[in-house]
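Shown next: model16.csv, given as CSV, C-alpha atoms.
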chain,number,residue,atom,x,y,z
A,1,MET,CA,0.0,0.0,0.0
A,2,GLN,CA,1.5,3.3,-1.1
A,3,LEU,CA,1.5,6.0,1.7
A,4,THR,CA,1.6,9.6,0.7
A,5,GLY,CA,3.3,12.4,2.6
A,6,ILE,CA,0.0,13.6,4.1
A,7,ASP,CA,-0.8,10.0,5.2
A,8,LEU,CA,2.5,9.8,7.1
A,9,LEU,CA,1.9,13.3,8.5
A,10,PHE,CA,-1.5,12.3,10.0
A,11,TRP,CA,-0.1,9.0,11.3
A,12,ALA,CA,2.8,10.8,13.0
A,13,ALA,CA,0.5,13.4,14.4
A,14,GLY,CA,-1.9,10.8,15.8
A,15,PHE,CA,1.0,8.9,17.3
A,16,VAL,CA,2.4,12.0,19.0
A,17,ALA,CA,-1.0,13.1,20.2
A,18,HIS,CA,-1.6,9.7,21.9
A,19,VAL,CA,1.8,9.6,23.5
A,20,ILE,CA,1.2,13.1,24.9
A,21,LEU,CA,-2.3,12.1,26.1
A,22,LEU,CA,-0.9,9.0,27.8
A,23,LEU,CA,1.8,11.1,29.5
A,24,VAL,CA,-0.9,13.6,30.7
A,25,LEU,CA,-2.9,10.7,32.1
A,26,TRP,CA,0.2,9.4,33.9
A,27,ILE,CA,1.7,12.6,35.1
A,28,ARG,CA,-1.6,14.1,36.4
A,29,ARG,CA,-2.5,10.7,38.0
A,30,ARG,CA,-5.7,10.1,36.1
A,31,VAL,CA,-4.7,6.5,35.3
A,32,ALA,CA,-6.3,5.0,38.4
A,33,THR,CA,-9.5,7.1,37.8
A,34,PHE,CA,-9.8,6.1,34.1
A,35,PRO,CA,-8.1,2.7,33.7
A,36,PHE,CA,-10.2,1.7,30.6
A,37,PHE,CA,-9.6,5.1,28.9
A,38,THR,CA,-5.9,4.8,29.5
A,39,ILE,CA,-5.8,1.2,28.1
A,40,LEU,CA,-7.8,2.5,25.0
A,41,ILE,CA,-5.2,5.3,24.4
A,42,ALA,CA,-2.3,2.8,24.9
A,43,SER,CA,-4.0,0.4,22.4
A,44,TYR,CA,-4.2,3.2,19.9
A,45,ILE,CA,-0.4,3.7,20.2
A,46,ILE,CA,0.1,0.0,19.6
A,47,ARG,CA,-2.3,0.1,16.7
A,48,THR,CA,-0.5,2.9,15.0
A,49,VAL,CA,2.8,1.1,15.2
A,50,VAL,CA,1.2,-2.3,14.0
A,51,LEU,CA,-0.7,-0.7,11.1
A,52,TYR,CA,2.5,1.2,10.0
A,53,PHE,CA,4.5,-2.0,9.8
A,54,THR,CA,1.7,-4.0,8.0
A,55,ALA,CA,0.9,-1.2,5.5
A,56,GLY,CA,3.1,-3.0,2.9
A,57,SER,CA,0.6,-5.8,2.5
A,58,LYS,CA,-3.0,-5.0,1.7
A,59,HIS,CA,-4.4,-8.3,3.1
A,60,ALA,CA,-2.2,-8.2,6.3
A,61,TYR,CA,-3.2,-4.6,6.8
A,62,LEU,CA,-6.9,-5.4,6.5
A,63,LEU,CA,-6.6,-8.4,8.9
A,64,ALA,CA,-4.7,-6.3,11.5
A,65,TYR,CA,-7.2,-3.4,11.1
A,66,LEU,CA,-10.1,-5.8,11.7
A,67,SER,CA,-8.7,-7.6,14.7
A,68,LEU,CA,-7.6,-4.4,16.3
A,69,GLY,CA,-10.9,-2.8,15.4
A,70,SER,CA,-12.7,-5.5,17.5
A,71,VAL,CA,-10.4,-4.7,20.4
A,72,ASP,CA,-11.1,-1.0,19.9
A,73,LEU,CA,-14.9,-1.5,20.0
A,74,THR,CA,-14.7,-3.7,23.1
A,75,LEU,CA,-12.5,-1.1,24.9
A,76,GLN,CA,-14.8,1.8,23.8
A,77,LEU,CA,-17.7,0.0,25.3
A,78,CYS,CA,-15.7,-0.4,28.5
A,79,VAL,CA,-15.0,3.3,28.4
A,80,VAL,CA,-18.7,4.0,28.1
A,81,TYR,CA,-19.3,1.9,31.2
A,82,GLU,CA,-16.5,3.8,32.9
A,83,MET,CA,-17.9,7.2,32.1
A,84,ALA,CA,-21.4,6.1,33.1
A,85,SER,CA,-20.2,4.8,36.4
A,86,HIS,CA,-18.4,8.1,37.0
A,87,VAL,CA,-21.4,10.3,36.1
A,88,PHE,CA,-24.2,8.2,37.5
A,89,ARG,CA,-22.4,6.8,40.6
A,90,PRO,CA,-20.7,9.9,41.9
A,91,LEU,CA,-20.8,8.8,45.6
A,92,GLY,CA,-20.2,5.1,45.0
A,93,ASN,CA,-23.8,4.0,44.6
A,94,TRP,CA,-25.8,4.1,41.3
A,95,ALA,CA,-28.3,6.9,41.2
A,96,PRO,CA,-31.7,5.1,41.7
A,97,ASP,CA,-33.4,6.5,38.6
A,98,ALA,CA,-30.4,6.0,36.4
A,99,ARG,CA,-29.8,2.3,36.3
A,100,VAL,CA,-33.0,1.2,34.6
A,101,ARG,CA,-33.1,4.1,32.3
A,102,LEU,CA,-29.5,3.5,31.3
A,103,ALA,CA,-30.3,-0.2,30.5
A,104,TRP,CA,-33.1,1.0,28.3
A,105,ILE,CA,-30.8,3.4,26.5
A,106,VAL,CA,-28.3,0.6,25.9
A,107,PHE,CA,-30.9,-1.8,24.5
A,108,ALA,CA,-32.5,0.9,22.3
A,109,SER,CA,-29.0,2.0,21.0
A,110,ILE,CA,-28.1,-1.6,20.0
A,111,ALA,CA,-31.5,-2.1,18.3
A,112,ILE,CA,-31.3,1.2,16.4
A,113,GLY,CA,-27.7,0.7,15.5
A,114,ALA,CA,-28.4,-2.8,14.2
A,115,GLY,CA,-31.4,-1.6,12.2
A,116,LEU,CA,-29.5,1.2,10.6
A,117,THR,CA,-26.5,-1.1,9.8
A,118,TRP,CA,-28.9,-3.6,8.2
A,119,LEU,CA,-30.4,-0.8,6.1
A,120,SER,CA,-27.0,0.6,5.1
A,121,ALA,CA,-26.0,0.7,1.5
A,122,ILE,CA,-24.2,-2.5,0.3
A,123,PRO,CA,-20.5,-1.7,-0.2
A,124,PRO,CA,-19.3,-1.9,-3.8
A,125,GLU,CA,-16.6,-4.4,-2.8
A,126,HIS,CA,-18.3,-7.6,-1.8
A,127,THR,CA,-15.4,-9.3,-0.2
A,128,LEU,CA,-16.3,-10.6,3.3
A,129,LEU,CA,-13.5,-8.8,5.1
A,130,ARG,CA,-14.3,-5.4,3.6
A,131,THR,CA,-18.0,-5.8,4.2
A,132,ILE,CA,-17.5,-6.7,7.8
A,133,LEU,CA,-15.0,-3.8,8.2
A,134,ILE,CA,-17.4,-1.2,6.7
A,135,ARG,CA,-20.5,-2.4,8.5
A,136,GLY,CA,-18.7,-2.9,11.7
A,137,ASN,CA,-17.3,0.7,11.6
A,138,PHE,CA,-20.8,2.0,10.9
A,139,PHE,CA,-22.5,0.0,13.6
A,140,SER,CA,-19.9,0.9,16.3
A,141,SER,CA,-20.0,4.7,15.4
A,142,VAL,CA,-23.9,4.7,15.6
A,143,LEU,CA,-23.8,2.8,18.9
A,144,MET,CA,-21.2,5.0,20.5
A,145,THR,CA,-22.9,8.2,19.5
A,146,GLU,CA,-26.3,7.0,20.8
A,147,LEU,CA,-24.8,5.9,24.1
A,148,PHE,CA,-23.1,9.2,24.6
A,149,VAL,CA,-26.1,11.3,23.6
A,150,GLY,CA,-28.2,9.1,25.9
A,151,MET,CA,-25.8,9.7,28.8
A,152,VAL,CA,-25.9,13.5,28.3
A,153,ALA,CA,-29.7,13.4,28.2
A,154,LEU,CA,-30.0,11.2,31.3
A,155,SER,CA,-27.5,13.2,33.3
A,156,VAL,CA,-29.3,16.5,32.6
A,157,THR,CA,-32.7,14.9,33.5
A,158,ILE,CA,-31.6,13.6,36.9
A,159,ARG,CA,-29.4,16.7,37.4
A,160,LEU,CA,-26.0,15.0,37.8
A,161,PRO,CA,-22.8,17.0,37.4
A,162,TRP,CA,-21.5,17.3,33.8
A,163,ARG,CA,-18.3,19.3,34.1
A,164,THR,CA,-16.0,16.6,35.4
A,165,HIS,CA,-13.2,14.9,33.5
A,166,ALA,CA,-15.5,11.9,32.8
A,167,ALA,CA,-17.8,14.3,31.1
A,168,ARG,CA,-15.0,15.8,29.0
A,169,ILE,CA,-13.9,12.4,27.8
A,170,ALA,CA,-17.5,11.5,27.0
A,171,GLN,CA,-18.0,14.7,25.0
A,172,GLY,CA,-14.9,14.1,22.9
A,173,LEU,CA,-15.8,10.5,22.2
A,174,GLY,CA,-19.4,11.5,21.4
A,175,PHE,CA,-18.4,14.2,19.0
A,176,TYR,CA,-15.9,12.0,17.2
A,177,SER,CA,-18.4,9.1,17.0
A,178,PHE,CA,-21.0,11.5,15.5
A,179,VAL,CA,-18.5,12.6,12.7
A,180,TRP,CA,-17.5,9.0,12.2
A,181,ILE,CA,-21.1,8.1,11.4
A,182,LEU,CA,-21.1,10.4,8.4
A,183,ILE,CA,-17.8,9.0,7.2
A,184,ALA,CA,-18.8,5.4,7.8
A,185,ALA,CA,-22.0,6.0,5.9
A,186,GLY,CA,-20.0,7.5,3.0
A,187,GLN,CA,-17.7,4.5,3.0
A,188,SER,CA,-20.6,2.1,2.9
A,189,TYR,CA,-21.9,3.8,-0.2
A,190,LEU,CA,-18.6,4.6,-1.9
A,191,GLY,CA,-16.4,1.7,-0.7
A,192,ILE,CA,-12.9,1.9,0.8
A,193,ASP,CA,-10.8,1.9,-2.3
A,194,ARG,CA,-7.8,4.2,-1.5
A,195,SER,CA,-7.5,5.1,-5.1
A,196,VAL,CA,-10.9,6.9,-4.9
A,197,ARG,CA,-10.2,10.5,-4.0
A,198,ILE,CA,-13.3,11.0,-1.9
A,199,TYR,CA,-12.3,8.0,0.4
A,200,ALA,CA,-8.9,9.6,1.1
A,201,ASP,CA,-10.6,12.9,1.8
A,202,LEU,CA,-13.1,11.3,4.2
A,203,THR,CA,-10.2,9.5,6.0
A,204,TYR,CA,-8.2,12.8,6.4
A,205,PHE,CA,-11.3,14.5,7.7
A,206,ARG,CA,-11.9,11.7,10.3
A,207,MET,CA,-8.2,11.9,11.4
A,208,LEU,CA,-8.4,15.6,11.7
A,209,THR,CA,-11.5,15.4,13.8
A,210,TYR,CA,-9.8,12.8,16.0
A,211,LEU,CA,-6.8,15.0,16.4
A,212,ILE,CA,-9.0,17.9,17.6
A,213,CYS,CA,-10.6,15.5,20.1
A,214,ALA,CA,-7.2,14.3,21.3
A,215,GLY,CA,-6.1,17.9,21.8
A,216,TYR,CA,-9.3,18.6,23.7
A,217,TRP,CA,-8.6,15.7,26.0
A,218,ILE,CA,-5.0,16.7,26.5
A,219,ILE,CA,-6.0,20.2,27.7
A,220,THR,CA,-9.1,19.2,29.8
A,221,LEU,CA,-7.4,16.3,31.5
A,222,TRP,CA,-4.3,18.4,32.3
A,223,VAL,CA,-6.3,21.0,34.2
A,224,ASP,CA,-8.1,20.1,37.4
A,225,ALA,CA,-11.8,19.5,37.3
A,226,PRO,CA,-14.0,22.1,39.1
A,227,VAL,CA,-14.4,21.1,42.8
A,228,PRO,CA,-18.0,20.3,43.5
A,229,LYS,CA,-19.6,22.6,46.1
A,230,ALA,CA,-19.9,20.7,49.4
A,231,LEU,CA,-23.1,21.1,51.5
A,232,PRO,CA,-22.2,22.6,55.0
A,233,LYS,CA,-23.0,20.3,57.9
A,234,GLU,CA,-25.4,22.8,59.4
A,235,MET,CA,-27.3,23.1,56.2
A,236,GLU,CA,-27.5,19.3,55.8
A,237,GLU,CA,-29.0,18.9,59.3
A,238,HIS,CA,-31.4,21.8,58.6
A,239,LEU,CA,-32.6,20.1,55.4
A,240,LEU,CA,-33.1,16.8,57.2
A,241,VAL,CA,-35.3,18.5,59.9
A,242,LEU,CA,-37.2,20.3,57.2
A,243,GLN,CA,-37.7,17.1,55.2
A,244,ARG,CA,-39.1,15.4,58.4
A,245,HIS,CA,-41.5,18.2,59.1
A,246,VAL,CA,-42.7,18.5,55.5
A,247,GLY,CA,-43.3,14.7,55.5
A,248,ALA,CA,-45.4,15.0,58.7
A,249,TYR,CA,-47.5,17.8,57.2
A,250,LEU,CA,-47.9,15.9,53.9
A,251,GLN,CA,-49.1,12.8,55.9
A,252,ARG,CA,-51.6,15.0,57.7
A,253,LEU,CA,-52.8,16.5,54.4
A,254,ARG,CA,-53.3,13.1,52.9
A,255,THR,CA,-55.3,12.0,56.0
A,256,MET,CA,-57.6,15.0,55.7
A,257,GLY,CA,-58.1,14.4,52.0
A,258,ARG,CA,-59.7,11.0,52.7
B,1,MET,CA,-33.2,2.6,-4.1
B,2,ARG,CA,-32.0,1.1,-0.9
B,3,ALA,CA,-29.2,3.6,-0.7
B,4,THR,CA,-31.8,6.4,-1.0
B,5,TYR,CA,-33.9,5.0,1.9
B,6,PHE,CA,-30.7,4.5,3.9
B,7,PHE,CA,-29.5,8.1,3.6
B,8,LEU,CA,-33.1,9.4,4.2
B,9,VAL,CA,-33.4,7.4,7.4
B,10,LEU,CA,-29.8,8.3,8.4
B,11,SER,CA,-30.5,12.0,7.9
B,12,VAL,CA,-33.6,11.8,10.1
B,13,PHE,CA,-31.7,9.9,12.7
B,14,LEU,CA,-28.8,12.4,12.8
B,15,LEU,CA,-31.2,15.4,12.9
B,16,ALA,CA,-33.0,13.7,15.8
B,17,LEU,CA,-29.7,13.1,17.7
B,18,LEU,CA,-28.7,16.8,17.1
B,19,ALA,CA,-32.1,18.0,18.3
B,20,ILE,CA,-31.8,15.9,21.5
B,21,VAL,CA,-28.3,17.3,22.2
B,22,VAL,CA,-29.4,20.9,21.6
B,23,HIS,CA,-32.6,20.4,23.7
B,24,TYR,CA,-30.7,18.9,26.7
B,25,TYR,CA,-27.9,21.5,26.4
B,26,ARG,CA,-30.4,24.3,26.6
B,27,ARG,CA,-32.2,22.6,29.4
B,28,ARG,CA,-28.9,22.3,31.4
B,29,ILE,CA,-28.2,26.0,30.8
B,30,ARG,CA,-31.8,26.8,32.0
B,31,THR,CA,-31.4,24.6,35.1
B,32,GLU,CA,-28.1,26.3,36.0
B,33,LYS,CA,-29.8,29.7,35.6
B,34,TYR,CA,-33.0,28.8,37.4
B,35,PRO,CA,-32.4,25.7,39.6
B,36,TYR,CA,-36.0,25.6,40.9
B,37,GLY,CA,-37.6,26.6,37.6
B,38,SER,CA,-38.9,29.9,36.3
B,39,TRP,CA,-41.1,32.2,38.5
B,40,GLU,CA,-44.2,31.3,36.5
B,41,LYS,CA,-43.5,27.5,37.0
B,42,LEU,CA,-43.1,28.0,40.7
B,43,LEU,CA,-46.4,29.9,40.9
B,44,GLY,CA,-47.9,27.2,38.8
B,45,ARG,CA,-47.0,24.6,41.4
B,46,PHE,CA,-48.7,26.6,44.1
B,47,SER,CA,-52.0,26.4,42.3
B,48,ALA,CA,-51.9,22.6,42.7
B,49,VAL,CA,-52.1,22.9,46.5
B,50,ASN,CA,-55.5,22.2,48.0
B,51,ARG,CA,-56.3,25.5,49.8
B,52,GLU,CA,-59.2,23.9,51.7
B,53,ASN,CA,-56.7,21.5,53.4
B,54,LEU,CA,-54.4,24.4,54.2
B,55,ALA,CA,-57.3,26.3,55.8
B,56,LEU,CA,-58.2,23.2,57.8
B,57,ILE,CA,-54.6,23.0,59.2
B,58,ALA,CA,-54.6,26.7,60.0
B,59,LEU,CA,-58.0,26.4,61.8
B,60,SER,CA,-56.8,23.4,63.7
B,61,LEU,CA,-54.1,25.5,65.3
B,62,VAL,CA,-56.6,28.1,66.8
B,63,ASP,CA,-59.6,27.7,69.0
B,64,GLU,CA,-63.1,29.0,68.3
B,65,PHE,CA,-62.1,32.5,69.6
B,66,GLY,CA,-59.2,32.7,67.2
B,67,GLN,CA,-56.6,32.2,70.0
B,68,ARG,CA,-53.7,29.8,69.5
B,69,ARG,CA,-54.3,26.4,71.0
B,70,GLU,CA,-51.8,25.7,73.9
B,71,ASP,CA,-51.9,21.9,73.6
B,72,GLU,CA,-51.2,21.7,70.0
B,73,ASN,CA,-47.9,20.0,69.2
B,74,ASP,CA,-48.1,21.0,65.6
B,75,ALA,CA,-47.9,24.6,66.5
B,76,ASP,CA,-44.5,24.0,68.1
B,77,MET,CA,-43.5,22.2,65.0
B,78,VAL,CA,-44.5,25.1,62.8
B,79,ASP,CA,-42.6,27.5,65.1
B,80,ASP,CA,-39.5,25.3,64.9
B,81,TRP,CA,-39.9,25.1,61.2
B,82,TRP,CA,-40.0,28.9,60.7
B,83,ASP,CA,-37.3,29.5,63.3
B,84,LYS,CA,-35.0,27.3,61.3
B,85,GLY,CA,-35.6,29.5,58.3
B,86,ALA,CA,-37.8,27.3,56.2

Could you write out this file's structure as structure tokens?
Amino acid sequence: MQLTGIDLLFWAAGFVAHVILLLVLWIRRRVATFPFFTILIASYIIRTVVLYFTAGSKHAYLLAYLSLGSVDLTLQLCVVYEMASHVFRPLGNWAPDARVRLAWIVFASIAIGAGLTWLSAIPPEHTLLRTILIRGNFFSSVLMTELFVGMVALSVTIRLPWRTHAARIAQGLGFYSFVWILIAAGQSYLGIDRSVRIYADLTYFRMLTYLICAGYWIITLWVDAPVPKALPKEMEEHLLVLQRHVGAYLQRLRTMGR
Amino acid sequence: MRATYFFLVLSVFLLALLAIVVHYYRRRIRTEKYPYGSWEKLLGRFSAVNRENLALIALSLVDEFGQRREDENDADMVDDWWDKGA
């Protein structure tokens, strides 16, 4: 496979961005907080190296891309779980309303993603590997986007904080997945023949979008997240007393209503 | 033909996703600005209260001459409540 100067430039930029991001996670001690995200970024560094060395053979490249793509999808799903557990389990317990709703979002996302993938245009190349690659890319991009949009909607509905590092990671992945849907849809219609100009342009656009997201993560994970406002002890006790009194009055109102 | 349907459905899907994101983003901004809802919404909640029950509670706190009942525990509870700044 012939690599152009701009291909090499994007590969090098992606590799450098991932190394910087990994260093940020390590230096700012975010590894323990986001283990799956750290593994995902480390896997991207390995993937860049592996794909660079298999680029000489078209078949070997496709095989490596597919197998690493499955690892990528699995790790991304783990990252979704990690982000969800940070957002919906801020004090160690799952928010009571969130668990069931989150399960519904996951089932609905898989169903819609599968439906859209089934409907997607049949790729011009009918080899099994390429079809799996194109459809797999499309399905995972739809699924990831739905999951992140669902998480945003749910967190706003039950008023959970959305300015943490977990939220920043989710925003970056959600944005990238959204752009990736457009590119994967284009690939499913046009195919993935590198000699076709539009395919190369779409790939560069995807890489550029990803580099922007990686830059966003580097900056937001370097700075400290805003410290949540703690409720003063006195105020907490006052709220408990108030809640008890209101409960007593409500009980009385109910009794009178009968 | 299938490709046309696909891109049509995909466009609707993406527009719906965008609409959801914009809706919830605006809702979050609104919640940050007015954590308990707008003034109109707060007043709207008041209208749901049964005024007759409130009147009954108020009347239960006073005797037939309009004087405060001495033996009423709830009165102390109300005092405590207001003293604590409810």

With a distance cut-off of 8 Å and only C-alpha atoms, select the neighbouring residues of segment 25-29 of chain A, excluding the residue or stretch itself and same-chain residues fewer than 5 positions from it, and output the selection as a PDB file with C-alpha atoms, in the frame of the given file.
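Ended up saving to result-v9.pdb:
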ATOM      1  CA  THR A  38      -5.900   4.800  29.500  1.00  0.00           C
ATOM      2  CA  LEU A 221      -7.400  16.300  31.500  1.00  0.00           C
ATOM      3  CA  TRP A 222      -4.300  18.400  32.300  1.00  0.00           C
TER       4      TRP A 222
END

Restrict the calculation to all atoms listed in the file, then for each residue of chain B with any atom at most 7 Å from an atom of chain A give the closest atom pair and their distance in Å to one decimal, rows by chain and rising residue number, as a tab-separated table.
residue	atom	partner	partner_atom	distance
B:Arg2	CA	A:Ala121	CA	6.5
B:Ala3	CA	A:Ala121	CA	4.8
B:Phe6	CA	A:Ser120	CA	5.5
B:Val21	CA	A:Val149	CA	6.5
B:Tyr24	CA	A:Ala153	CA	5.8
B:Arg28	CA	A:Val156	CA	5.9
B:Asn53	CA	A:Leu253	CA	6.4
B:Trp81	CA	A:Leu242	CA	6.8

Handout entry: Residue neighbourhood segment 71-81 of chain A, 12 Å, all atoms listed in the file, exclusion window fewer than 4 positions, as a ChimeraX atom specification
Key = /A:33-47,64-67,85-89,99,102-103,106,110,136-152,166-167,169-174,177

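Atom to atom, atom CA of Val22 of chain B and atom CA of Gln187 of chain A stand 27.4 Å apart.
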
Exercise for the section: Give the answer as one residue: which of A:Ser70, A:Thr4, A:Thr164, A:Thr54 has the shortest atom-to-atom distance to Pro226 of chain A, using all atoms listed in the file? Expected result: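 Selected residue with least distance to Pro226 of chain A: A:Thr164.
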
Problem - Atom pair atom CA of Phe205 of chain A / atom CA of Val179 of chain A: separation (Å) - result: 9.0 Å

Practice task
Rank nothing, just name the residue among A:Tyr204, A:Phe175, A:Trp180, A:Trp104 nearest to Leu18 of chain B, using all atoms listed in the file.
Solution key: A:Phe175

Exercise for the section: Work out how far apart atom CA of Ala184 of chain A and atom CA of Leu211 of chain A are and give it in Å to one decimal. Expected result: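 Distance reported for this atom pair: 17.6 Å.
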
Handout entry: Point (-3.7, 10.8, 22.5), cut-off 8 Å, counting only C-alpha atoms, residues as an MDAnalysis selection string
Key = chainID A and resid 14:22 41 214:215 217:218
